[in-house]
Amino acid sequence: MPGRETPLITGEIYHIVNRGIASQSIFLNQRDYQRALETILYYQNKKSLLRYSYFIRLQQSIRLEILKKLNDQKDHLLVEIFAYCLMPNHFHLLLKQLIDNGISNYLSKFSNSYTRYFNVKNNRIGPLLQGKFKSVHVDNDEQLLHLSRYIHLNPYSSDIVKSLKGLKEYPYSSLPEYLELDQKNYCRRDLILSYFKTADSYEDFIFSQADSQRELDIIKHHTLEV
């Protein structure tokens with residue numbers, strides 16, 4: 001992965017976007033999305049000793065034991081995930097870098113692992129994702145909240161889902177986790193949710209901008225064009 005003009009700073013939060021080369025689709029079906037989500041979780045930890053492709057061949061009980069041990073070792077995480085959303089030809093991540101080069105190493109592991117899977121499955125060769133992901137530094141808590149809304153509204157504003165009910169049920173986003181509709185626990189939610197009395201209050205915050213998301217006048221300087 002090519003070097004970055006501006007290094008990513010440890011302890012800081014970034015909005016990360018990457019997409020398929022020439023905007024090609026990178027998730028073709030439910031299996032692809034699920035594979036990507038599990039890979040995103042697995043490679044958070046710098047002590048992931050096995051390639052994910054080997055890890056998934058283990059018995060389920062062994063996989064669960066390994067994941068539990070990895071998740072218990074918080075001091076060995078490369079990044080913390082605050083929010084995510086997978087779309088047909090790109091993905092959004094809201095990440096805090098915990099060690100030097102943590103985000104770059106994390107995304108490199110994810111990209112290499114998922115590309116191998118996708119290429120074998122679809123009988124193709126070559127890169128799948130753009131080499132240099134895009135990043136925006138989160139300067140303050142207000143921007144963090146607006147970015148979480150932007151990310152979580154993405155399926156609705158892009159017409160992947162047609163209703164707010166569909167958005168709440170979109171399985172490849174962290175929004176259901178924030179609204180306490182599933183128990184994945186992929187994300188660190190406490191910082192963002194600390195600004196809201198309840199999960200319902202956060203839902204109101206998200207949906208209040210649903211119909212004007214395409215304009216993005218308020219947050220256009222804090223987001224990435226995809």
# chains A, B, ... in the order shown; residues from 1 in each chain; ligands from 1
$ residues_around --residues "Val17 (chain A)" --least-positions-apart "5" --cutoff "6 Å" --atoms "only C-alpha atoms" --output "list in words"
Phe91, His92, Phe133 and Lys134 of chain A
$ select_by_dssp --residues "region 15-214 of chain A" --states "strand (DSSP E)" --output "JSON, numbers by chain"
{"A": [15, 16, 17, 18, 19, 79, 80, 81, 82, 83, 84, 85, 86, 87, 90, 91, 92, 93, 94, 95, 96, 97, 134, 135, 136, 137]}
$ residues_around --residues "Asp32 (chain A)" --least-positions-apart "3" --cutoff "10 Å" --atoms "only C-alpha atoms" --output "list in words"
Ile26, Phe27, Leu28, Asn29, Arg35, Ala36, Leu37, Pro88, Tyr114, Tyr117, Phe118 and Lys121 of chain A
$ residues_around --residues "region 44-55 of chain A" --least-positions-apart "2" --cutoff "9 Å" --atoms "only C-alpha atoms" --output "PDB file with N, CA and C atoms, in the first residue's frame"
ATOM      1  N   GLU A  38     -16.548 -10.203   9.168  1.00  0.00           N
ATOM      2  CA  GLU A  38     -15.769 -11.052  10.064  1.00  0.00           C
ATOM      3  C   GLU A  38     -14.275 -10.750   9.942  1.00  0.00           C
ATOM      4  N   THR A  39     -13.823 -10.456   8.738  1.00  0.00           N
ATOM      5  CA  THR A  39     -12.417 -10.117   8.519  1.00  0.00           C
ATOM      6  C   THR A  39     -12.070  -8.796   9.198  1.00  0.00           C
ATOM      7  N   ILE A  40     -12.989  -7.823   9.107  1.00  0.00           N
ATOM      8  CA  ILE A  40     -12.791  -6.531   9.759  1.00  0.00           C
ATOM      9  C   ILE A  40     -12.618  -6.708  11.259  1.00  0.00           C
ATOM     10  N   LEU A  41     -13.399  -7.584  11.857  1.00  0.00           N
ATOM     11  CA  LEU A  41     -13.291  -7.837  13.288  1.00  0.00           C
ATOM     12  C   LEU A  41     -12.001  -8.585  13.617  1.00  0.00           C
ATOM     13  N   TYR A  42     -11.688  -9.608  12.848  1.00  0.00           N
ATOM     14  CA  TYR A  42     -10.567 -10.493  13.147  1.00  0.00           C
ATOM     15  C   TYR A  42      -9.233  -9.748  13.148  1.00  0.00           C
ATOM     16  N   ARG A  57     -11.180 -22.295   8.878  1.00  0.00           N
ATOM     17  CA  ARG A  57     -11.210 -23.744   8.684  1.00  0.00           C
ATOM     18  C   ARG A  57     -11.228 -24.503  10.012  1.00  0.00           C
ATOM     19  N   LEU A  58     -10.986 -23.775  11.092  1.00  0.00           N
ATOM     20  CA  LEU A  58     -10.991 -24.409  12.406  1.00  0.00           C
ATOM     21  C   LEU A  58     -12.417 -24.726  12.846  1.00  0.00           C
ATOM     22  N   GLN A  59     -12.534 -25.640  13.794  1.00  0.00           N
ATOM     23  CA  GLN A  59     -13.839 -25.935  14.349  1.00  0.00           C
ATOM     24  C   GLN A  59     -14.413 -24.679  15.007  1.00  0.00           C
ATOM     25  N   ARG A  63     -12.651 -21.503  17.019  1.00  0.00           N
ATOM     26  CA  ARG A  63     -12.700 -20.129  16.517  1.00  0.00           C
ATOM     27  C   ARG A  63     -13.245 -19.180  17.583  1.00  0.00           C
ATOM     28  N   LEU A  70      -8.678 -12.929  21.754  1.00  0.00           N
ATOM     29  CA  LEU A  70      -8.214 -11.740  21.041  1.00  0.00           C
ATOM     30  C   LEU A  70      -8.949 -10.496  21.521  1.00  0.00           C
ATOM     31  N   ASN A  71     -10.272 -10.615  21.678  1.00  0.00           N
ATOM     32  CA  ASN A  71     -11.066  -9.463  22.093  1.00  0.00           C
ATOM     33  C   ASN A  71     -10.799  -9.068  23.538  1.00  0.00           C
ATOM     34  N   GLN A  73      -7.855  -9.005  24.810  1.00  0.00           N
ATOM     35  CA  GLN A  73      -6.525  -8.395  24.828  1.00  0.00           C
ATOM     36  C   GLN A  73      -6.588  -6.993  24.232  1.00  0.00           C
ATOM     37  N   LYS A  74      -7.263  -6.081  24.926  1.00  0.00           N
ATOM     38  CA  LYS A  74      -7.495  -4.744  24.396  1.00  0.00           C
ATOM     39  C   LYS A  74      -6.193  -3.987  24.135  1.00  0.00           C
ATOM     40  N   ASP A  75      -5.137  -4.329  24.890  1.00  0.00           N
ATOM     41  CA  ASP A  75      -3.867  -3.620  24.708  1.00  0.00           C
ATOM     42  C   ASP A  75      -3.153  -4.054  23.438  1.00  0.00           C
ATOM     43  N   HIS A  76      -3.703  -5.049  22.724  1.00  0.00           N
ATOM     44  CA  HIS A  76      -3.070  -5.508  21.494  1.00  0.00           C
ATOM     45  C   HIS A  76      -3.855  -5.111  20.246  1.00  0.00           C
ATOM     46  N   LEU A  77      -4.828  -4.214  20.392  1.00  0.00           N
ATOM     47  CA  LEU A  77      -5.611  -3.792  19.239  1.00  0.00           C
ATOM     48  C   LEU A  77      -4.837  -2.773  18.401  1.00  0.00           C
ATOM     49  N   LEU A  78      -4.959  -2.891  17.090  1.00  0.00           N
ATOM     50  CA  LEU A  78      -4.397  -1.897  16.170  1.00  0.00           C
ATOM     51  C   LEU A  78      -5.278  -0.653  16.120  1.00  0.00           C
ATOM     52  N   VAL A  79      -6.587  -0.876  16.135  1.00  0.00           N
ATOM     53  CA  VAL A  79      -7.560   0.204  15.997  1.00  0.00           C
ATOM     54  C   VAL A  79      -8.774  -0.092  16.864  1.00  0.00           C
ATOM     55  N   GLU A  80      -9.539   0.946  17.128  1.00  0.00           N
ATOM     56  CA  GLU A  80     -10.888   0.804  17.658  1.00  0.00           C
ATOM     57  C   GLU A  80     -11.862   1.206  16.567  1.00  0.00           C
ATOM     58  N   ILE A  81     -12.948   0.463  16.437  1.00  0.00           N
ATOM     59  CA  ILE A  81     -13.972   0.759  15.436  1.00  0.00           C
ATOM     60  C   ILE A  81     -15.104   1.508  16.122  1.00  0.00           C
ATOM     61  N   GLY A 102      -1.097   1.793  12.895  1.00  0.00           N
ATOM     62  CA  GLY A 102      -2.160   0.829  13.169  1.00  0.00           C
ATOM     63  C   GLY A 102      -3.218   0.769  12.085  1.00  0.00           C
ATOM     64  N   ASN A 105      -1.735  -0.736   8.773  1.00  0.00           N
ATOM     65  CA  ASN A 105      -1.510  -2.179   8.900  1.00  0.00           C
ATOM     66  C   ASN A 105      -2.829  -2.938   8.924  1.00  0.00           C
ATOM     67  N   TYR A 106      -3.782  -2.409   9.634  1.00  0.00           N
ATOM     68  CA  TYR A 106      -5.100  -3.032   9.739  1.00  0.00           C
ATOM     69  C   TYR A 106      -5.776  -3.135   8.380  1.00  0.00           C
ATOM     70  N   LYS A 109      -4.061  -5.658   6.048  1.00  0.00           N
ATOM     71  CA  LYS A 109      -4.434  -7.046   6.350  1.00  0.00           C
ATOM     72  C   LYS A 109      -5.827  -7.359   5.835  1.00  0.00           C
ATOM     73  N   SER A 113      -6.525  -9.991   2.708  1.00  0.00           N
ATOM     74  CA  SER A 113      -7.322 -11.173   3.021  1.00  0.00           C
ATOM     75  C   SER A 113      -8.600 -11.215   2.188  1.00  0.00           C
ATOM     76  N   ARG A 116      -7.932 -11.844  -1.607  1.00  0.00           N
ATOM     77  CA  ARG A 116      -7.653 -13.253  -1.899  1.00  0.00           C
ATOM     78  C   ARG A 116      -8.946 -14.064  -1.961  1.00  0.00           C
ATOM     79  N   TYR A 117      -9.787 -13.860  -0.971  1.00  0.00           N
ATOM     80  CA  TYR A 117     -11.074 -14.568  -0.935  1.00  0.00           C
ATOM     81  C   TYR A 117     -11.897 -14.256  -2.189  1.00  0.00           C
TER      82      TYR A 117
END
$ closest_residue --among "A:Ala199, A:Leu98, A:Cys85, A:Leu181" --to "Pro155 (chain A)" --atoms "only C-alpha atoms"
A:Cys85
$ atom_distance --atom1 "CA of Asn101 (chain A)" --atom2 "CA of Thr115 (chain A)"
20.9 Å
$ closest_residue --among "A:Tyr195, A:Tyr178, A:Tyr172, A:Tyr156" --to "Phe207 (chain A)" --atoms "only C-alpha atoms"
A:Tyr156
$ decode --residues "region 5-140 of chain A" --atoms "C-alpha atoms" --output "short mmCIF file (atom, residue, chain, number, x, y, z; two decimals), in the first residue's frame"
data_model
loop_
_atom_site.label_atom_id
_atom_site.label_comp_id
_atom_site.auth_asym_id
_atom_site.auth_seq_id
_atom_site.Cartn_x
_atom_site.Cartn_y
_atom_site.Cartn_z
CA GLU A 5 1.35 12.20 2.28
CA THR A 6 0.06 12.98 5.79
CA PRO A 7 0.85 10.31 8.40
CA LEU A 8 -2.02 9.04 10.50
CA ILE A 9 -1.57 10.03 14.15
CA THR A 10 -1.83 7.53 16.99
CA GLY A 11 -4.67 8.34 19.36
CA GLU A 12 -6.66 10.20 16.71
CA ILE A 13 -9.91 9.23 14.95
CA TYR A 14 -10.31 9.05 11.16
CA HIS A 15 -13.07 8.53 8.64
CA ILE A 16 -11.75 5.92 6.22
CA VAL A 17 -13.15 5.09 2.79
CA ASN A 18 -11.97 2.66 0.16
CA ARG A 19 -13.69 1.32 -2.91
CA GLY A 20 -13.31 -1.10 -5.75
CA ILE A 21 -10.99 -0.25 -8.62
CA ALA A 22 -12.95 1.70 -11.26
CA SER A 23 -15.84 1.67 -8.78
CA GLN A 24 -16.49 -2.02 -9.44
CA SER A 25 -18.62 -3.96 -6.99
CA ILE A 26 -16.66 -5.60 -4.18
CA PHE A 27 -19.58 -7.24 -2.35
CA LEU A 28 -21.78 -9.35 -4.62
CA ASN A 29 -23.93 -11.24 -2.14
CA GLN A 30 -24.60 -11.91 1.53
CA ARG A 31 -21.65 -14.27 1.78
CA ASP A 32 -19.26 -11.53 0.65
CA TYR A 33 -20.61 -8.99 3.13
CA GLN A 34 -20.43 -11.47 5.98
CA ARG A 35 -16.90 -12.48 5.07
CA ALA A 36 -15.82 -8.84 5.03
CA LEU A 37 -17.42 -8.09 8.40
CA GLU A 38 -15.77 -11.05 10.06
CA THR A 39 -12.42 -10.12 8.52
CA ILE A 40 -12.79 -6.53 9.76
CA LEU A 41 -13.29 -7.84 13.29
CA TYR A 42 -10.57 -10.49 13.15
CA TYR A 43 -7.74 -8.22 12.03
CA GLN A 44 -8.32 -5.53 14.66
CA ASN A 45 -5.88 -7.39 16.85
CA LYS A 46 -2.18 -7.25 15.98
CA LYS A 47 -1.74 -10.70 17.53
CA SER A 48 -3.92 -12.44 14.95
CA LEU A 49 -1.48 -15.27 14.31
CA LEU A 50 -3.37 -17.00 11.50
CA ARG A 51 -4.57 -15.74 8.16
CA TYR A 52 -8.32 -15.46 8.31
CA SER A 53 -8.58 -18.00 5.47
CA TYR A 54 -6.92 -20.55 7.78
CA PHE A 55 -8.78 -19.41 10.86
CA ILE A 56 -12.22 -20.14 9.38
CA ARG A 57 -11.21 -23.74 8.68
CA LEU A 58 -10.99 -24.41 12.41
CA GLN A 59 -13.84 -25.94 14.35
CA GLN A 60 -16.36 -23.36 15.49
CA SER A 61 -15.65 -23.93 19.17
CA ILE A 62 -11.94 -23.24 18.58
CA ARG A 63 -12.70 -20.13 16.52
CA LEU A 64 -14.92 -18.76 19.27
CA GLU A 65 -12.24 -19.40 21.87
CA ILE A 66 -9.59 -17.63 19.79
CA LEU A 67 -11.85 -14.62 19.11
CA LYS A 68 -12.69 -14.31 22.79
CA LYS A 69 -9.02 -14.31 23.73
CA LEU A 70 -8.21 -11.74 21.04
CA ASN A 71 -11.07 -9.46 22.09
CA ASP A 72 -9.99 -9.70 25.74
CA GLN A 73 -6.52 -8.39 24.83
CA LYS A 74 -7.49 -4.74 24.40
CA ASP A 75 -3.87 -3.62 24.71
CA HIS A 76 -3.07 -5.51 21.49
CA LEU A 77 -5.61 -3.79 19.24
CA LEU A 78 -4.40 -1.90 16.17
CA VAL A 79 -7.56 0.20 16.00
CA GLU A 80 -10.89 0.80 17.66
CA ILE A 81 -13.97 0.76 15.44
CA PHE A 82 -16.53 3.48 16.14
CA ALA A 83 -18.78 2.89 13.12
CA TYR A 84 -18.83 1.04 9.80
CA CYS A 85 -20.94 0.62 6.70
CA LEU A 86 -20.38 -1.72 3.76
CA MET A 87 -21.85 -0.69 0.41
CA PRO A 88 -21.80 -2.61 -2.90
CA ASN A 89 -18.66 -0.91 -4.26
CA HIS A 90 -17.09 0.74 -1.21
CA PHE A 91 -16.93 0.79 2.57
CA HIS A 92 -16.78 3.35 5.37
CA LEU A 93 -14.96 2.91 8.67
CA LEU A 94 -14.69 5.32 11.58
CA LEU A 95 -11.47 4.28 13.32
CA LYS A 96 -9.22 5.36 16.15
CA GLN A 97 -5.57 4.49 15.64
CA LEU A 98 -4.15 2.87 18.79
CA ILE A 99 -0.53 2.24 17.75
CA ASP A 100 1.78 3.78 15.16
CA ASN A 101 0.81 2.66 11.64
CA GLY A 102 -2.16 0.83 13.17
CA ILE A 103 -4.75 1.94 10.60
CA SER A 104 -2.51 1.27 7.61
CA ASN A 105 -1.51 -2.18 8.90
CA TYR A 106 -5.10 -3.03 9.74
CA LEU A 107 -6.45 -2.03 6.33
CA SER A 108 -3.59 -3.78 4.57
CA LYS A 109 -4.43 -7.05 6.35
CA PHE A 110 -8.12 -6.65 5.60
CA SER A 111 -7.52 -5.74 1.94
CA ASN A 112 -5.10 -8.61 1.31
CA SER A 113 -7.32 -11.17 3.02
CA TYR A 114 -10.58 -10.09 1.42
CA THR A 115 -9.04 -9.71 -2.04
CA ARG A 116 -7.65 -13.25 -1.90
CA TYR A 117 -11.07 -14.57 -0.93
CA PHE A 118 -12.88 -12.55 -3.64
CA ASN A 119 -10.41 -13.46 -6.38
CA VAL A 120 -10.53 -17.19 -5.66
CA LYS A 121 -14.30 -17.17 -5.40
CA ASN A 122 -14.75 -15.27 -8.67
CA ASN A 123 -11.83 -16.71 -10.64
CA ARG A 124 -10.12 -13.34 -11.07
CA ILE A 125 -6.62 -11.96 -10.47
CA GLY A 126 -5.20 -8.60 -9.52
CA PRO A 127 -6.10 -5.85 -7.04
CA LEU A 128 -9.70 -5.40 -5.97
CA LEU A 129 -9.49 -2.21 -3.90
CA GLN A 130 -7.84 1.11 -4.63
CA GLY A 131 -4.33 1.03 -3.21
CA LYS A 132 -4.48 4.22 -1.14
CA PHE A 133 -7.56 4.54 1.03
CA LYS A 134 -9.00 7.99 1.68
CA SER A 135 -8.95 9.42 5.18
CA VAL A 136 -10.29 12.49 6.97
CA HIS A 137 -9.08 13.43 10.43
CA VAL A 138 -11.86 13.93 12.99
CA ASP A 139 -11.09 17.26 14.63
CA ASN A 140 -13.80 17.44 17.30
#
